file final07.txt (compact mmCIF, C-alpha atoms)
# COMPACT_ATOMS: atom_id res chain seq x y z
CA MET A 1 119.12 -149.94 26.35
CA LYS A 2 117.04 -152.84 25.03
CA ILE A 3 117.87 -156.39 26.15
CA LYS A 4 116.40 -159.71 25.05
CA ILE A 5 114.75 -161.78 27.79
CA GLU A 6 115.55 -165.45 28.18
CA VAL A 7 113.28 -167.57 30.36
CA SER A 8 115.10 -170.38 32.06
CA ALA A 9 112.92 -173.38 32.91
CA ARG A 10 114.02 -175.80 35.63
CA HIS A 11 117.18 -177.64 34.53
CA ILE A 12 120.21 -179.61 35.68
CA HIS A 13 123.97 -179.22 35.15
CA LEU A 14 125.83 -182.47 35.87
CA SER A 15 129.38 -183.36 36.80
CA GLN A 16 130.91 -186.28 34.85
CA GLU A 17 130.91 -188.32 38.05
CA HIS A 18 127.15 -187.89 38.52
CA LEU A 19 126.50 -188.37 34.80
CA ASP A 20 128.29 -191.74 35.11
CA SER A 21 126.22 -192.74 38.15
CA LEU A 22 122.91 -191.74 36.55
CA PHE A 23 123.43 -192.93 32.95
CA GLY A 24 126.29 -195.42 33.15
CA LYS A 25 130.08 -195.15 33.16
CA GLY A 26 131.49 -192.94 30.38
CA HIS A 27 128.07 -191.74 29.16
CA LYS A 28 128.22 -188.75 26.81
CA LEU A 29 125.42 -186.15 26.71
CA THR A 30 123.37 -186.00 23.50
CA LYS A 31 122.76 -182.53 22.11
CA LYS A 32 119.10 -181.71 21.42
CA ALA A 33 119.48 -177.97 20.73
CA ASP A 34 122.05 -175.21 21.06
CA LEU A 35 121.36 -172.54 23.67
CA SER A 36 122.02 -168.81 23.45
CA GLN A 37 125.40 -168.95 25.20
CA GLU A 38 128.22 -170.41 23.10
CA GLY A 39 128.91 -174.09 23.85
CA GLU A 40 125.82 -174.60 26.01
CA PHE A 41 123.18 -177.02 24.82
CA ALA A 42 119.91 -178.64 25.90
CA CYS A 43 120.30 -182.43 26.04
CA GLU A 44 118.04 -185.27 25.05
CA GLU A 45 118.62 -186.65 28.57
CA THR A 46 116.28 -185.82 31.44
CA LEU A 47 116.11 -186.85 35.08
CA GLN A 48 113.59 -187.19 37.87
CA VAL A 49 114.14 -184.59 40.59
CA VAL A 50 112.89 -185.92 43.91
CA GLY A 51 112.21 -183.73 46.94
CA PRO A 52 110.93 -184.65 50.41
CA LYS A 53 107.31 -183.94 49.36
CA ASN A 54 107.00 -184.55 45.59
CA LYS A 55 109.03 -185.33 42.53
CA ILE A 56 109.25 -183.60 39.15
CA GLU A 57 109.61 -185.81 36.07
CA LYS A 58 111.66 -185.16 32.94
CA VAL A 59 113.84 -182.27 34.08
CA ARG A 60 116.14 -181.35 31.22
CA ILE A 61 119.94 -181.65 31.50
CA ILE A 62 122.01 -178.75 30.10
CA GLY A 63 125.43 -179.65 28.68
CA PRO A 64 128.37 -179.71 28.69
CA VAL A 65 129.29 -181.34 32.00
CA ARG A 66 130.49 -178.98 34.72
CA PRO A 67 132.83 -179.33 37.70
CA ARG A 68 129.83 -179.28 40.09
CA THR A 69 126.31 -180.63 39.73
CA GLN A 70 123.67 -177.91 40.06
CA VAL A 71 119.87 -178.14 39.91
CA GLU A 72 118.05 -174.89 39.17
CA VAL A 73 114.34 -174.68 39.98
CA SER A 74 111.76 -171.95 40.50
CA LYS A 75 110.49 -171.16 43.99
CA THR A 76 107.13 -172.60 42.90
CA ASP A 77 108.97 -175.86 42.12
CA GLY A 78 110.65 -175.61 45.54
CA PHE A 79 107.27 -175.49 47.31
CA MET A 80 106.14 -178.47 45.25
CA LEU A 81 109.30 -180.49 45.97
CA GLY A 82 109.00 -179.60 49.65
CA ASN A 83 112.30 -177.78 49.91
CA ILE A 84 112.82 -174.07 49.14
CA PRO A 85 116.44 -173.67 48.07
CA PRO A 86 118.50 -170.53 48.66
CA LEU A 87 118.85 -167.82 46.01
CA ARG A 88 122.30 -168.13 44.45
CA VAL A 89 124.39 -166.93 41.54
CA SER A 90 124.85 -169.92 39.22
CA GLY A 91 127.91 -171.94 40.25
CA ASP A 92 127.68 -170.97 43.93
CA VAL A 93 126.32 -174.24 45.31
CA VAL A 94 128.23 -174.61 48.60
CA GLY A 95 125.71 -174.97 51.42
CA SER A 96 122.73 -174.92 49.04
CA ALA A 97 119.80 -177.35 49.40
CA PRO A 98 119.96 -181.17 49.16
CA ILE A 99 118.10 -183.00 46.38
CA LYS A 100 117.82 -186.49 44.93
CA LEU A 101 118.23 -187.23 41.20
CA ILE A 102 117.06 -190.43 39.54
CA GLY A 103 118.29 -191.54 36.12
CA PRO A 104 117.99 -194.72 34.03
CA ASN A 105 121.15 -196.23 35.57
CA GLY A 106 120.88 -195.16 39.18
CA SER A 107 120.28 -192.32 41.59
CA VAL A 108 122.35 -189.65 43.31
CA ASP A 109 121.61 -188.05 46.66
CA LEU A 110 123.10 -184.59 46.58
CA LEU A 111 123.86 -182.99 49.92
CA GLU A 112 123.88 -179.63 48.15
CA GLY A 113 123.30 -178.35 44.60
CA LEU A 114 119.65 -177.27 44.53
CA ILE A 115 119.33 -173.49 44.03
CA LEU A 116 117.03 -170.69 42.93
CA ALA A 117 119.03 -168.79 40.32
CA MET A 118 119.54 -165.06 40.84
CA ARG A 119 118.22 -163.06 37.92
CA HIS A 120 121.17 -161.89 35.85
CA ILE A 121 122.37 -160.49 32.57
CA HIS A 122 125.09 -162.02 30.41
CA ILE A 123 127.33 -159.53 28.66
CA SER A 124 130.60 -159.76 26.73
CA GLU A 125 133.78 -158.10 28.04
CA LYS A 126 133.74 -155.68 25.12
CA GLN A 127 130.15 -154.58 25.62
CA ALA A 128 130.55 -154.40 29.41
CA LYS A 129 133.45 -152.01 28.91
CA GLU A 130 131.39 -149.85 26.56
CA LEU A 131 128.54 -149.67 29.10
CA ASN A 132 130.93 -149.33 32.03
CA LEU A 133 129.52 -152.44 33.72
CA LYS A 134 131.52 -154.68 36.04
CA ASP A 135 131.10 -158.40 36.77
CA GLY A 136 128.97 -158.84 39.92
CA GLN A 137 127.45 -155.36 39.75
CA ARG A 138 123.67 -155.01 40.29
CA VAL A 139 121.48 -153.36 37.67
CA SER A 140 117.74 -153.24 36.95
CA VAL A 141 115.62 -154.39 34.02
CA SER A 142 112.18 -153.05 33.20
CA CYS A 143 109.49 -155.24 31.60
CA PHE A 144 106.41 -153.78 29.98
CA GLY A 145 102.78 -154.75 29.39
CA ASP A 146 99.80 -155.51 31.64
CA ARG A 147 102.08 -157.10 34.22
CA GLY A 148 104.84 -154.55 33.80
CA LEU A 149 107.44 -154.42 36.55
CA LEU A 150 110.99 -153.38 37.28
CA PHE A 151 113.37 -156.15 38.36
CA ASN A 152 116.02 -154.85 40.75
CA ASN A 153 119.09 -156.76 42.00
CA VAL A 154 119.93 -158.11 38.55
CA VAL A 155 123.50 -159.46 38.70
CA VAL A 156 125.86 -158.56 35.84
CA ARG A 157 127.89 -161.54 34.57
CA VAL A 158 130.76 -160.65 32.25
CA LYS A 159 132.65 -163.17 30.10
CA GLU A 160 134.60 -162.79 26.89
CA ASN A 161 132.06 -164.36 24.56
CA PHE A 162 128.80 -163.91 26.48
CA GLN A 163 125.78 -162.99 24.38
CA PHE A 164 123.71 -160.09 25.71
CA PHE A 165 120.65 -161.61 27.46
CA PHE A 166 118.55 -161.03 30.57
CA GLN A 167 117.92 -164.38 32.22
CA ILE A 168 115.00 -165.03 34.58
CA ASP A 169 113.18 -168.09 35.85
CA THR A 170 109.59 -169.12 35.11
CA ASP A 171 108.15 -167.47 38.25
CA GLU A 172 109.78 -164.20 37.24
CA ALA A 173 108.62 -164.50 33.62
CA ASN A 174 105.06 -165.38 34.65
CA SER A 175 104.80 -162.57 37.17
CA ALA A 176 106.07 -160.07 34.58
CA GLY A 177 103.83 -161.49 31.84
CA VAL A 178 106.80 -161.99 29.52
CA GLU A 179 107.98 -164.87 27.37
CA ASN A 180 111.25 -166.08 25.96
CA GLY A 181 112.47 -163.59 23.36
CA ASP A 182 110.54 -160.58 24.67
CA ILE A 183 112.44 -157.33 25.11
CA GLY A 184 113.19 -155.52 28.37
CA GLU A 185 115.04 -152.34 29.13
CA LEU A 186 118.33 -152.36 31.02
CA ILE A 187 118.54 -149.61 33.62
CA VAL A 188 121.80 -148.73 35.33
CA LYS A 189 121.36 -146.50 38.36
CA LYS A 190 124.15 -144.01 38.87
CA MET B 1 103.61 -145.53 52.52
CA LYS B 2 103.92 -149.08 53.88
CA ILE B 3 101.42 -151.73 52.81
CA LYS B 4 101.02 -155.33 53.96
CA ILE B 5 101.38 -157.99 51.24
CA GLU B 6 98.83 -160.75 50.92
CA VAL B 7 99.73 -163.75 48.77
CA SER B 8 96.70 -165.27 47.09
CA ALA B 9 97.07 -168.98 46.28
CA ARG B 10 94.88 -170.55 43.59
CA HIS B 11 91.23 -170.50 44.71
CA ILE B 12 87.63 -170.68 43.58
CA HIS B 13 84.59 -168.44 44.06
CA LEU B 14 81.33 -170.31 43.39
CA SER B 15 77.80 -169.29 42.47
CA GLN B 16 75.03 -171.01 44.45
CA GLU B 17 73.98 -172.81 41.26
CA HIS B 18 77.45 -174.34 40.79
CA LEU B 19 77.76 -175.04 44.54
CA ASP B 20 74.51 -177.04 44.26
CA SER B 21 75.79 -179.00 41.24
CA LEU B 22 79.15 -179.78 42.84
CA PHE B 23 78.13 -180.51 46.45
CA GLY B 24 74.38 -181.22 46.29
CA LYS B 25 71.26 -179.05 46.26
CA GLY B 26 71.17 -176.40 49.01
CA HIS B 27 74.73 -177.08 50.21
CA LYS B 28 76.12 -174.39 52.53
CA LEU B 29 79.84 -173.58 52.59
CA THR B 30 81.69 -174.46 55.81
CA LYS B 31 84.00 -171.75 57.15
CA LYS B 32 87.56 -172.86 57.85
CA ALA B 33 89.12 -169.44 58.50
CA ASP B 34 88.30 -165.77 58.12
CA LEU B 35 90.26 -163.84 55.49
CA SER B 36 91.58 -160.30 55.65
CA GLN B 37 88.58 -158.73 53.89
CA GLU B 38 85.41 -158.53 56.01
CA GLY B 39 82.95 -161.36 55.30
CA GLU B 40 85.34 -163.40 53.13
CA PHE B 41 86.42 -166.82 54.38
CA ALA B 42 88.39 -169.88 53.32
CA CYS B 43 86.14 -172.93 53.23
CA GLU B 44 86.65 -176.53 54.28
CA GLU B 45 85.44 -177.46 50.79
CA THR B 46 87.88 -177.97 47.92
CA LEU B 47 87.48 -179.01 44.26
CA GLN B 48 89.48 -180.61 41.49
CA VAL B 49 90.32 -178.11 38.74
CA VAL B 50 90.70 -179.94 35.45
CA GLY B 51 92.41 -178.45 32.39
CA PRO B 52 93.05 -179.93 28.95
CA LYS B 53 96.52 -181.13 30.02
CA ASN B 54 96.47 -181.78 33.77
CA LYS B 55 94.33 -181.39 36.85
CA ILE B 56 95.03 -179.73 40.19
CA GLU B 57 93.61 -181.40 43.29
CA LYS B 58 92.18 -179.77 46.41
CA VAL B 59 91.78 -176.20 45.23
CA ARG B 60 90.25 -174.18 48.08
CA ILE B 61 86.84 -172.52 47.78
CA ILE B 62 86.53 -168.98 49.14
CA GLY B 63 83.12 -167.99 50.55
CA PRO B 64 80.55 -166.54 50.53
CA VAL B 65 78.93 -167.54 47.22
CA ARG B 66 79.10 -164.92 44.47
CA PRO B 67 76.88 -164.07 41.49
CA ARG B 68 79.47 -165.59 39.09
CA THR B 69 81.84 -168.51 39.49
CA GLN B 70 85.49 -167.52 39.14
CA VAL B 71 88.66 -169.65 39.32
CA GLU B 72 91.88 -167.75 40.02
CA VAL B 73 95.18 -169.46 39.25
CA SER B 74 98.79 -168.42 38.70
CA LYS B 75 100.25 -168.44 35.18
CA THR B 76 102.43 -171.38 36.32
CA ASP B 77 99.19 -173.24 37.13
CA GLY B 78 97.86 -172.23 33.70
CA PHE B 79 100.83 -173.85 31.95
CA MET B 80 100.30 -176.97 34.04
CA LEU B 81 96.55 -177.12 33.33
CA GLY B 82 97.25 -176.54 29.64
CA ASN B 83 95.32 -173.30 29.36
CA ILE B 84 96.76 -169.83 30.07
CA PRO B 85 93.84 -167.65 31.13
CA PRO B 86 93.67 -163.90 30.47
CA LEU B 87 94.73 -161.34 33.08
CA ARG B 88 91.60 -159.86 34.65
CA VAL B 89 90.43 -157.71 37.53
CA SER B 90 88.52 -160.02 39.89
CA GLY B 91 84.85 -160.23 38.85
CA ASP B 92 85.52 -159.56 35.16
CA VAL B 93 85.04 -163.09 33.84
CA VAL B 94 83.19 -162.48 30.54
CA GLY B 95 85.19 -164.11 27.75
CA SER B 96 87.80 -165.54 30.14
CA ALA B 97 89.09 -169.12 29.83
CA PRO B 98 87.02 -172.33 30.12
CA ILE B 99 87.69 -174.81 32.92
CA LYS B 100 86.17 -177.95 34.44
CA LEU B 101 85.45 -178.33 38.16
CA ILE B 102 84.85 -181.67 39.86
CA GLY B 103 83.22 -181.95 43.30
CA PRO B 104 81.90 -184.81 45.43
CA ASN B 105 78.40 -184.55 43.92
CA GLY B 106 79.16 -183.83 40.26
CA SER B 107 81.10 -181.69 37.84
CA VAL B 108 80.65 -178.36 36.07
CA ASP B 109 82.09 -177.41 32.68
CA LEU B 110 82.58 -173.66 32.72
CA LEU B 111 82.73 -171.93 29.33
CA GLU B 112 84.41 -169.00 31.09
CA GLY B 113 85.58 -168.14 34.61
CA LEU B 114 89.27 -169.07 34.69
CA ILE B 115 91.47 -165.96 35.15
CA LEU B 116 94.86 -164.71 36.21
CA ALA B 117 94.10 -162.01 38.79
CA MET B 118 95.54 -158.56 38.22
CA ARG B 119 97.70 -157.47 41.11
CA HIS B 120 95.77 -154.94 43.17
CA ILE B 121 95.45 -153.07 46.43
CA HIS B 122 92.35 -152.99 48.58
CA ILE B 123 91.67 -149.69 50.29
CA SER B 124 88.73 -148.19 52.22
CA GLU B 125 86.83 -145.17 50.87
CA LYS B 126 88.10 -143.07 53.76
CA GLN B 127 91.76 -143.95 53.26
CA ALA B 128 91.49 -143.63 49.46
CA LYS B 129 90.19 -140.08 49.91
CA GLU B 130 93.08 -139.24 52.27
CA LEU B 131 95.62 -140.56 49.72
CA ASN B 132 93.71 -139.09 46.77
CA LEU B 133 93.35 -142.54 45.13
CA LYS B 134 90.46 -143.46 42.84
CA ASP B 135 88.95 -146.90 42.16
CA GLY B 136 90.55 -148.40 39.02
CA GLN B 137 93.63 -146.16 39.14
CA ARG B 138 97.06 -147.79 38.65
CA VAL B 139 99.81 -147.45 41.24
CA SER B 140 103.10 -149.22 41.96
CA VAL B 141 104.35 -151.26 44.92
CA SER B 142 108.00 -151.83 45.73
CA CYS B 143 109.21 -155.05 47.38
CA PHE B 144 112.62 -155.33 48.99
CA GLY B 145 115.27 -157.99 49.59
CA ASP B 146 117.43 -160.20 47.36
CA ARG B 147 114.66 -160.44 44.79
CA GLY B 148 113.56 -156.82 45.21
CA LEU B 149 111.38 -155.43 42.43
CA LEU B 150 108.84 -152.75 41.66
CA PHE B 151 105.39 -153.97 40.61
CA ASN B 152 103.75 -151.52 38.19
CA ASN B 153 100.14 -151.64 36.95
CA VAL B 154 98.74 -152.32 40.42
CA VAL B 155 94.97 -151.69 40.29
CA VAL B 156 93.40 -149.68 43.13
CA ARG B 157 90.14 -151.21 44.41
CA VAL B 158 88.14 -148.95 46.71
CA LYS B 159 85.23 -150.13 48.88
CA GLU B 160 83.76 -148.76 52.09
CA ASN B 161 85.17 -151.38 54.45
CA PHE B 162 88.19 -152.68 52.53
CA GLN B 163 91.25 -153.39 54.62
CA PHE B 164 94.51 -151.95 53.27
CA PHE B 165 96.37 -154.83 51.56
CA PHE B 166 98.48 -155.45 48.44
CA GLN B 167 97.33 -158.68 46.84
CA ILE B 168 99.50 -160.75 44.50
CA ASP B 169 99.51 -164.33 43.29
CA THR B 170 102.09 -167.01 44.05
CA ASP B 171 104.16 -166.37 40.89
CA GLU B 172 104.42 -162.71 41.85
CA ALA B 173 105.28 -163.51 45.48
CA ASN B 174 107.89 -166.09 44.49
CA SER B 175 109.53 -163.82 41.93
CA ALA B 176 109.71 -160.99 44.47
CA GLY B 177 110.94 -163.31 47.24
CA VAL B 178 108.14 -162.20 49.55
CA GLU B 179 105.66 -164.07 51.73
CA ASN B 180 102.24 -163.45 53.14
CA GLY B 181 102.45 -160.64 55.71
CA ASP B 182 105.62 -159.04 54.36
CA ILE B 183 105.63 -155.28 53.89
CA GLY B 184 105.89 -153.39 50.60
CA GLU B 185 105.90 -149.70 49.79
CA LEU B 186 103.04 -148.08 47.89
CA ILE B 187 104.26 -145.64 45.26
CA VAL B 188 101.88 -143.25 43.51
CA LYS B 189 103.39 -141.59 40.44
CA LYS B 190 102.26 -138.03 39.94

call {"tool": "encode", "arguments": {"input": "final07.txt", "output": "C-alpha cells"}}
result
Amino acid sequence: MKIKIEVSARHIHLSQEHLDSLFGKGHKLTKKADLSQEGEFACEETLQVVGPKNKIEKVRIIGPVRPRTQVEVSKTDGFMLGNIPPLRVSGDVVGSAPIKLIGPNGSVDLLEGLILAMRHIHISEKQAKELNLKDGQRVSVSCFGDRGLLFNNVVVRVKENFQFFFQIDTDEANSAGVENGDIGELIVKK
Amino acid sequence: MKIKIEVSARHIHLSQEHLDSLFGKGHKLTKKADLSQEGEFACEETLQVVGPKNKIEKVRIIGPVRPRTQVEVSKTDGFMLGNIPPLRVSGDVVGSAPIKLIGPNGSVDLLEGLILAMRHIHISEKQAKELNLKDGQRVSVSCFGDRGLLFNNVVVRVKENFQFFFQIDTDEANSAGVENGDIGELIVKK
C-alpha cells in the first residue's frame, strides 16, 4: 500500500497562555499556509528556541493553539541545542525535556515540552477499519532509492478526518534520502 | 550476525597539496586519536567548511593525507551549507559538489570533493571470504530500539586489514536512535 511521506521540520505548538507571554496578551496566530491535516496551519510567527549550548532562530509555530505547548526538534537539533529530548508520541509531553522560548514580547522557560516526535502515520477511522489498523499499533514503512530503508516502530494514529500520510522528521528524511511528497510503502506485519 | 556501529561525524580528508595551502608548506598532521581502521587517525587540526549559505566551524581532519581531498557531511549539514552533495562511496569524488575550506594559512576552493557518504561496512578479506561477501556488494543492517529500522543498500568494502564495522553518518544514527558502539545485525539477502 502506497503512502505519501510528509517531512516535519522543527516546529512549535503553543498554548494560549504561552502565546500571550511571547507575543502579548490576546495575540492571535496568523495563518501562512494550510497543512495536510484539516485545521492545522503554519503561522507567520516564529520563535527563538534556546538550549543550554546553542539557540535556533526562526522556528515556525504551527496553529491552532493547543492545550499544552510542545516543541518538536530532530535529534541533530537536540545535539546542537545541548539537550537530547526523549522520543515521544505527539501530545505526550509529561516529563519531556526543558527548553526556553523567546518571542517579541517575552520569554518562557518550559520545564517540559521538548520532544523528538515518534515516526507515525495519520489515517482516518474509515480507512483504518478497511486496513484493520488500530490507533497506537506499530507498522513499518519502506522507502526506496539509493538510501532505501525500512522504518519500523511507526505508530498508527487514527482520527475521524485524518489524511493518510507518513510523517517523519528531517533526520529520518535525510537518512532515507526522501523529500516531502515522496511515496513510501506501508507494511503491516501479521 | 552482529556488527558494531560506527557513527561518522562530518570530517575532511586532505591531499598534501591542500594541506600545504591551508596550514603552510610541508605541514604534518598531528594525531589526536587513532580510529577503528588501522592507520587512520583523528587530527588536532580542524578547518572551516564554507558553503554558499552558511559555514561550519571546526570540522575535524582525518589523517593520513590522501591522493584526493574529500569532505564528508550529513545531508542536514548540506542543507545548512546551502549545497546538497551527491551520495558517493568514499573516494569517488569526481563530479561531486564544490566547497570552500578555510585554514590558518589560507583557503582552498574545491570544484569537487563534497559528498554524502554511502552507508557501508568494512570487512577483512578473510572474513568476507568466510561470509561469501564481495567488495561492492549491497547488504542490509538492522538496528533495534524505539527507532528501530533496517538500512538497505549498505555497500560492502573489503580490504586485507579492515576491521568489521558498520559505518553511518549522523543523520542515519539519529534517525535510527543509535550511537557509536551500538550493535546492529548484518543481513545478507540471498

call {"tool": "interface_residues", "arguments": {"input": "final07.txt", "of": "chain B", "to": "chain A", "cutoff": "9 Å", "atoms": "only C-alpha atoms", "output": "VMD selection string"}}
result
chain B and resid 74 to 76 87 118 to 119 140 144 to 154 169 to 177

call {"tool": "write_last_selection", "arguments": {"input": "final07.txt", "atoms": "C-alpha atoms", "output": "PDB file, in the frame of the given file"}}
result
ATOM      1  CA  SER B  74      98.790-168.420  38.700  1.00  0.00           C
ATOM      2  CA  LYS B  75     100.250-168.440  35.180  1.00  0.00           C
ATOM      3  CA  THR B  76     102.430-171.380  36.320  1.00  0.00           C
ATOM      4  CA  LEU B  87      94.730-161.340  33.080  1.00  0.00           C
ATOM      5  CA  MET B 118      95.540-158.560  38.220  1.00  0.00           C
ATOM      6  CA  ARG B 119      97.700-157.470  41.110  1.00  0.00           C
ATOM      7  CA  SER B 140     103.100-149.220  41.960  1.00  0.00           C
ATOM      8  CA  PHE B 144     112.620-155.330  48.990  1.00  0.00           C
ATOM      9  CA  GLY B 145     115.270-157.990  49.590  1.00  0.00           C
ATOM     10  CA  ASP B 146     117.430-160.200  47.360  1.00  0.00           C
ATOM     11  CA  ARG B 147     114.660-160.440  44.790  1.00  0.00           C
ATOM     12  CA  GLY B 148     113.560-156.820  45.210  1.00  0.00           C
ATOM     13  CA  LEU B 149     111.380-155.430  42.430  1.00  0.00           C
ATOM     14  CA  LEU B 150     108.840-152.750  41.660  1.00  0.00           C
ATOM     15  CA  PHE B 151     105.390-153.970  40.610  1.00  0.00           C
ATOM     16  CA  ASN B 152     103.750-151.520  38.190  1.00  0.00           C
ATOM     17  CA  ASN B 153     100.140-151.640  36.950  1.00  0.00           C
ATOM     18  CA  VAL B 154      98.740-152.320  40.420  1.00  0.00           C
ATOM     19  CA  ASP B 169      99.510-164.330  43.290  1.00  0.00           C
ATOM     20  CA  THR B 170     102.090-167.010  44.050  1.00  0.00           C
ATOM     21  CA  ASP B 171     104.160-166.370  40.890  1.00  0.00           C
ATOM     22  CA  GLU B 172     104.420-162.710  41.850  1.00  0.00           C
ATOM     23  CA  ALA B 173     105.280-163.510  45.480  1.00  0.00           C
ATOM     24  CA  ASN B 174     107.890-166.090  44.490  1.00  0.00           C
ATOM     25  CA  SER B 175     109.530-163.820  41.930  1.00  0.00           C
ATOM     26  CA  ALA B 176     109.710-160.990  44.470  1.00  0.00           C
ATOM     27  CA  GLY B 177     110.940-163.310  47.240  1.00  0.00           C
TER      28      GLY B 177
END

call {"tool": "residues_around", "arguments": {"input": "final07.txt", "residues": "stretch 42-59 of chain A", "least_positions_apart": "2", "cutoff": "7 Å", "atoms": "all atoms listed in the file", "output": "PyMOL selection string"}}
result
chain A and resi 10-11+29-35+61-63+80-83+99-103

call {"tool": "write_last_selection", "arguments": {"input": "final07.txt", "atoms": "C-alpha atoms", "output": "mmCIF file, in the coordinates of the input"}}
result
data_model
loop_
_atom_site.group_PDB
_atom_site.id
_atom_site.type_symbol
_atom_site.label_atom_id
_atom_site.label_comp_id
_atom_site.auth_asym_id
_atom_site.auth_seq_id
_atom_site.Cartn_x
_atom_site.Cartn_y
_atom_site.Cartn_z
ATOM 1 C CA ARG A 10 114.020 -175.800 35.630
ATOM 2 C CA HIS A 11 117.180 -177.640 34.530
ATOM 3 C CA LEU A 29 125.420 -186.150 26.710
ATOM 4 C CA THR A 30 123.370 -186.000 23.500
ATOM 5 C CA LYS A 31 122.760 -182.530 22.110
ATOM 6 C CA LYS A 32 119.100 -181.710 21.420
ATOM 7 C CA ALA A 33 119.480 -177.970 20.730
ATOM 8 C CA ASP A 34 122.050 -175.210 21.060
ATOM 9 C CA LEU A 35 121.360 -172.540 23.670
ATOM 10 C CA ILE A 61 119.940 -181.650 31.500
ATOM 11 C CA ILE A 62 122.010 -178.750 30.100
ATOM 12 C CA GLY A 63 125.430 -179.650 28.680
ATOM 13 C CA MET A 80 106.140 -178.470 45.250
ATOM 14 C CA LEU A 81 109.300 -180.490 45.970
ATOM 15 C CA GLY A 82 109.000 -179.600 49.650
ATOM 16 C CA ASN A 83 112.300 -177.780 49.910
ATOM 17 C CA ILE A 99 118.100 -183.000 46.380
ATOM 18 C CA LYS A 100 117.820 -186.490 44.930
ATOM 19 C CA LEU A 101 118.230 -187.230 41.200
ATOM 20 C CA ILE A 102 117.060 -190.430 39.540
ATOM 21 C CA GLY A 103 118.290 -191.540 36.120
#

call {"tool": "closest_residue", "arguments": {"input": "final07.txt", "among": "A:Pro64, A:Ile5, A:Asn105, A:Val73", "to": "A:Ser21", "atoms": "only C-alpha atoms"}}
result
A:Asn105

call {"tool": "residues_around", "arguments": {"input": "final07.txt", "residues": "A:Gly181", "least_positions_apart": "5", "cutoff": "9 Å", "atoms": "all atoms listed in the file", "output": "PDB file with C-alpha atoms, in the coordinates of the input"}}
result
ATOM      1  CA  LYS A   4     116.400-159.710  25.050  1.00  0.00           C
ATOM      2  CA  ILE A   5     114.750-161.780  27.790  1.00  0.00           C
ATOM      3  CA  GLU A   6     115.550-165.450  28.180  1.00  0.00           C
ATOM      4  CA  VAL A   7     113.280-167.570  30.360  1.00  0.00           C
TER       5      VAL A   7
END

call {"tool": "atom_distance", "arguments": {"input": "final07.txt", "atom1": "atom CA of A:Asp109", "atom2": "atom CA of A:Ala97"}}
result
11.2 Å

call {"tool": "atom_distance", "arguments": {"input": "final07.txt", "atom1": "atom CA of A:Gly39", "atom2": "atom CA of A:Lys159"}}
result
13.1 Å

call {"tool": "residues_around", "arguments": {"input": "final07.txt", "residues": "A:Arg66", "least_positions_apart": "5", "cutoff": "9 Å", "atoms": "all atoms listed in the file", "output": "list in words"}}
result
His13, Leu14, Ser15 and Gln16 of chain A

call {"tool": "atom_distance", "arguments": {"input": "final07.txt", "atom1": "atom CA of A:Asn132", "atom2": "atom CA of A:Glu40"}}
result
26.5 Å
